[in-house]
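These notes concern the structure reproduced below.
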Amino acid sequence: MSSRRARASRLTEDELNNLIFKLHASLPHHSNSTSDKKTSAAKILKRTCNYIKKLQKEVDDLSDGLSQALASGDINAADADTITTFLQL
């Protein structure tokens, strides 16, 4: 019974390729050239991981900057409330 569930939850090769293509299309600097269609799944996944890491670093840097701005007291109360809300997300 468990092997039946495992087979039912597996993606087909076409479904997996479609998901990888969508992932590739969502990356910045993506173009629809024919060379992009030949990009390997491994390369797309590697680029995606690198992009996610880059975004995480940007978020961390922005969060640190906002925290420093709050700590410095150089902002008004309304801006401080907005920043605090963003930091809690």
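Starting from 1 in every chain, residues are counted up; chains themselves are A, B, ... following the order of the structure tokens, and ligands are numbered from 1 as listed.
Residues with any atom within 12 Å of A:Ala80, counting only C-alpha atoms and excluding same-chain neighbours fewer than 4 positions away, are Leu66, Ser67, Gln68, Ala69, Leu70, Ala71, Ser72, Gly73, Asp74, Ile75, Asn76, Thr84, Thr85, Phe86 and Leu87 of chain A.
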Take the residues from that selection and write them out as an mmCIF file, in the first residue's frame, keeping N, CA, C and O atoms.
```
data_model
loop_
_atom_site.group_PDB
_atom_site.id
_atom_site.type_symbol
_atom_site.label_atom_id
_atom_site.label_comp_id
_atom_site.auth_asym_id
_atom_site.auth_seq_id
_atom_site.Cartn_x
_atom_site.Cartn_y
_atom_site.Cartn_z
ATOM 1 N N LEU A 66 17.568 48.528 8.971
ATOM 2 C CA LEU A 66 16.365 49.056 9.611
ATOM 3 C C LEU A 66 16.487 49.001 11.133
ATOM 4 O O LEU A 66 16.084 49.927 11.839
ATOM 5 N N SER A 67 17.054 47.930 11.642
ATOM 6 C CA SER A 67 17.254 47.815 13.096
ATOM 7 C C SER A 67 18.179 48.904 13.598
ATOM 8 O O SER A 67 17.935 49.510 14.655
ATOM 9 N N GLN A 68 19.232 49.191 12.852
ATOM 10 C CA GLN A 68 20.165 50.255 13.236
ATOM 11 C C GLN A 68 19.486 51.615 13.190
ATOM 12 O O GLN A 68 19.709 52.460 14.064
ATOM 13 N N ALA A 69 18.641 51.827 12.180
ATOM 14 C CA ALA A 69 17.915 53.097 12.076
ATOM 15 C C ALA A 69 16.976 53.273 13.269
ATOM 16 O O ALA A 69 16.868 54.370 13.828
ATOM 17 N N LEU A 70 16.322 52.191 13.658
ATOM 18 C CA LEU A 70 15.442 52.256 14.827
ATOM 19 C C LEU A 70 16.229 52.557 16.098
ATOM 20 O O LEU A 70 15.813 53.367 16.919
ATOM 21 N N ALA A 71 17.369 51.900 16.236
ATOM 22 C CA ALA A 71 18.181 52.074 17.442
ATOM 23 C C ALA A 71 18.787 53.475 17.526
ATOM 24 O O ALA A 71 18.999 53.996 18.624
ATOM 25 N N SER A 72 19.042 54.089 16.382
ATOM 26 C CA SER A 72 19.682 55.407 16.384
ATOM 27 C C SER A 72 18.732 56.507 16.820
ATOM 28 O O SER A 72 19.177 57.565 17.268
ATOM 29 N N GLY A 73 17.442 56.283 16.679
ATOM 30 C CA GLY A 73 16.467 57.291 17.079
ATOM 31 C C GLY A 73 16.339 58.434 16.087
ATOM 32 O O GLY A 73 15.749 59.458 16.408
ATOM 33 N N ASP A 74 16.892 58.262 14.891
ATOM 34 C CA ASP A 74 16.858 59.325 13.884
ATOM 35 C C ASP A 74 15.601 59.304 13.026
ATOM 36 O O ASP A 74 15.544 59.986 12.008
ATOM 37 N N ILE A 75 14.585 58.548 13.425
ATOM 38 C CA ILE A 75 13.366 58.473 12.626
ATOM 39 C C ILE A 75 12.168 58.822 13.492
ATOM 40 O O ILE A 75 12.213 58.701 14.724
ATOM 41 N N ASN A 76 11.089 59.250 12.834
ATOM 42 C CA ASN A 76 9.906 59.633 13.601
ATOM 43 C C ASN A 76 9.111 58.397 14.032
ATOM 44 O O ASN A 76 9.362 57.286 13.575
ATOM 45 N N THR A 84 9.098 48.577 12.433
ATOM 46 C CA THR A 84 8.891 47.501 13.402
ATOM 47 C C THR A 84 7.966 46.442 12.821
ATOM 48 O O THR A 84 8.195 45.242 12.958
ATOM 49 N N THR A 85 6.914 46.874 12.149
ATOM 50 C CA THR A 85 5.968 45.942 11.521
ATOM 51 C C THR A 85 6.686 45.098 10.477
ATOM 52 O O THR A 85 6.509 43.883 10.419
ATOM 53 N N PHE A 86 7.503 45.735 9.627
ATOM 54 C CA PHE A 86 8.242 44.995 8.604
ATOM 55 C C PHE A 86 9.207 43.995 9.208
ATOM 56 O O PHE A 86 9.378 42.894 8.709
ATOM 57 N N LEU A 87 9.863 44.371 10.285
ATOM 58 C CA LEU A 87 10.835 43.477 10.914
ATOM 59 C C LEU A 87 10.170 42.260 11.541
ATOM 60 O O LEU A 87 10.801 41.221 11.693
#
```
Could you work out how far atom CA of A:Phe21 lies from atom CA of A:Ile44, giving the answer in Å with one decimal?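 If I compute the distance from atom CA of A:Ile44 to atom CA of A:Phe21, I get 8.5 Å.
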If DSSP is run on the backbone, what residues of stretch 8-84 of chain A are alpha helix (DSSP H)? A reply as a PyMOL selection string would be ideal. chain A and resi 8-9+13-26+34-37+41-72+77-84
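Rounded to one decimal, atom CA of A:Asp61 and atom CA of A:Gln88 lie 15.0 Å from each other.
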Residue among A:Asp64, A:Asn17, A:Lys53, A:Ser9 lying closest to A:Ser40, counting only C-alpha atoms: A:Asn17
The residue from A:Ala78, A:Gly65, A:Thr48, A:Gln56 with the smallest atom-to-atom distance to A:Lys22, counting only C-alpha atoms, is A:Thr48
To one decimal place in Å, what is the distance between atom CA of A:Ala41 and atom CA of A:Lys57?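 Separating atom CA of A:Ala41 from atom CA of A:Lys57 is a distance of 24.3 Å.
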Find, counting only C-alpha atoms, the residue in A:Val59, A:Glu13, A:Ile83, A:Leu27 that gets nearest to A:Leu45.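 Between A:Val59, A:Glu13, A:Ile83, A:Leu27, the residue approaching A:Leu45 most closely is A:Leu27.
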When distances are computed from only C-alpha atoms, which of A:Leu55, A:Leu11, A:Ala42, A:Ala77 shows the smallest separation from A:Leu23?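 Selected residue with least distance to A:Leu23: A:Ala42.
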I'd like to know which of A:Glu15, A:Glu58, A:Ile20, A:Asp81 is closest to A:Lys46, using only C-alpha atoms.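 Residue with the minimum atom-to-atom distance to A:Lys46: A:Ile20.
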